[in-house]
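> Handing you a structure now.
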Amino acid sequence: MEFKKGLGWQACYDEEKNLYTAKTSWRGDYDLYEINAEIYHQLGEPGINSEELIKTGRHLYYSQDSPIGPPTDMVIDENYATLCSWANPQKSGNIMSAELTDVAVELWENEETREQHKKQRKSERKESDE
C-alpha cells in the first residue's frame, strides 16, 4: 500500500485491489471516501486544497462528534471497512438509520455518491424480498 498524508487528511493506493481511498478528519468530523487516480495524484501538490479535492470522491462513511448534538455515524456504503481496510474509523456507536441516511445522501452528497447509494439500496431490497 502506498500512502499520502497532509493536515487533516490521508489517502491510500492499494495496489492489490487497484483502489484509491482517503480519509479526512477535523474537529470531530471523520469521513472516508473512494477516490480516483487523478485525485490521488494531485493530493499534496502546491496550490491544491487536498481536503476539498478528496470530498469530490464517493463518500463511504461519516462520523461526527460535535458539542452541539449527540455523536453520530452515517454508513453510506456498507463496504466501507473493506474498501478502507487501512483506516481505523472513529465510531460513536450511534448509527443513523438507513432511512435517515437515504435522506441525507439525497440532500447533501455528490452525484457519484447518490448513484452508488441508490444501487446498493436496490440490491439490499432485492435480497430482503427473496
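Residues in the C-alpha cells are numbered from 1 in each chain, the chains being A, B, ... in the order shown, and ligands are numbered from 1 in the order shown.
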Using only C-alpha atoms, tabulate the residues of region 53-110 of chain A lying at most 9 Å from any atom of region 5-16 of chain A, each with its closest atom pair and that distance in Å to one decimal, by chain and increasing residue number, as JSON lines.

```
{"residue": "A:Ile54", "atom": "CA", "partner": "A:Trp9", "partner_atom": "CA", "distance": 8.5}
{"residue": "A:Cys84", "atom": "CA", "partner": "A:Cys12", "partner_atom": "CA", "distance": 8.4}
{"residue": "A:Trp86", "atom": "CA", "partner": "A:Cys12", "partner_atom": "CA", "distance": 7.9}
```
> Take the selection from the previous step and output its residues with C-alpha atoms, as a short mmCIF file (atom, residue, chain, number, x, y, z; two decimals), in the first residue's frame.

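Result saved to part.cif:
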```cif
data_model
loop_
_atom_site.label_atom_id
_atom_site.label_comp_id
_atom_site.auth_asym_id
_atom_site.auth_seq_id
_atom_site.Cartn_x
_atom_site.Cartn_y
_atom_site.Cartn_z
CA ILE A 54 -10.98 14.35 -1.60
CA CYS A 84 -10.72 1.34 3.58
CA TRP A 86 -6.13 0.61 6.27
#
```
> So, with only C-alpha atoms as the atoms that count, which of A:Glu115, A:Asp65, A:Glu2, A:Asp29 lies closest to Asp77 (chain A)?
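Smallest distance to Asp77 (chain A) is found for A:Glu115.
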> To one decimal place in Å, what is the distance between CA of Ser25 (chain A) and CA of Glu109 (chain A)?
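Taking CA of Ser25 (chain A) as the start and CA of Glu109 (chain A) as the end point, the length is 17.4 Å.
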> Calculate how many Å separate CA of Ala22 (chain A) from CA of Glu38 (chain A), rounding to one decimal.
13.0 Å
> So what do you get for CA of Asn79 (chain A) versus CA of Glu45 (chain A), distance-wise?
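Result for CA of Asn79 (chain A) versus CA of Glu45 (chain A): 29.5 Å, one decimal.
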> Can you list, as a list of chain:residue names, every protein, DNA or RNA residue that comes within 10 Å of Thr101 (chain A) when you count only C-alpha atoms, leaving out same-chain residues fewer than 4 positions away?
A:Asp73, A:Met74, A:Val75, A:Ile76, A:Ile95, A:Met96, A:Ser97, A:Val105, A:Glu106, A:Leu107, A:His117
> Compile the contact shell of Asn110 (chain A) as number ranges by chain: residues with an atom at most 12 Å away, counting only C-alpha atoms, same-chain residues fewer than 6 positions apart removed.
A: 33, 54-60, 104, 116-117
> Would you mind exporting the chosen residues as a compact mmCIF listing (two decimals), in the first residue's frame, restricted to N, CA and C atoms?

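Full text of part20.txt as output:
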```txt
# COMPACT_ATOMS: atom_id res chain seq x y z
N TYR A 33 -13.66 8.13 1.99
CA TYR A 33 -14.03 8.31 0.59
C TYR A 33 -13.32 7.31 -0.29
N ILE A 54 -10.55 15.66 -2.09
CA ILE A 54 -10.98 14.35 -1.60
C ILE A 54 -12.50 14.29 -1.53
N LYS A 55 -13.12 15.37 -1.09
CA LYS A 55 -14.57 15.40 -0.93
C LYS A 55 -15.33 15.31 -2.25
N THR A 56 -14.63 15.40 -3.39
CA THR A 56 -15.30 15.19 -4.67
C THR A 56 -15.43 13.71 -4.99
N GLY A 57 -14.77 12.86 -4.20
CA GLY A 57 -14.87 11.41 -4.39
C GLY A 57 -16.18 10.87 -3.84
N ARG A 58 -16.31 9.55 -3.88
CA ARG A 58 -17.52 8.90 -3.41
C ARG A 58 -17.45 8.72 -1.90
N HIS A 59 -18.39 9.33 -1.19
CA HIS A 59 -18.43 9.29 0.27
C HIS A 59 -18.87 7.90 0.72
N LEU A 60 -18.13 7.33 1.68
CA LEU A 60 -18.43 5.98 2.15
C LEU A 60 -18.95 5.96 3.58
N ALA A 104 -30.27 12.00 3.91
CA ALA A 104 -29.05 12.80 3.99
C ALA A 104 -28.23 12.68 2.70
N GLN A 116 -24.37 5.51 -6.47
CA GLN A 116 -23.89 4.26 -5.89
C GLN A 116 -24.75 3.85 -4.69
N HIS A 117 -25.17 4.81 -3.89
CA HIS A 117 -26.01 4.50 -2.73
C HIS A 117 -27.36 3.93 -3.18
```
> Between A:Leu83, A:Ile48, A:Met1, A:Leu53, which residue has the minimum interatomic distance to Glu34 (chain A), considering only C-alpha atoms?
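Closest to Glu34 (chain A), using only C-alpha atoms: A:Leu83.
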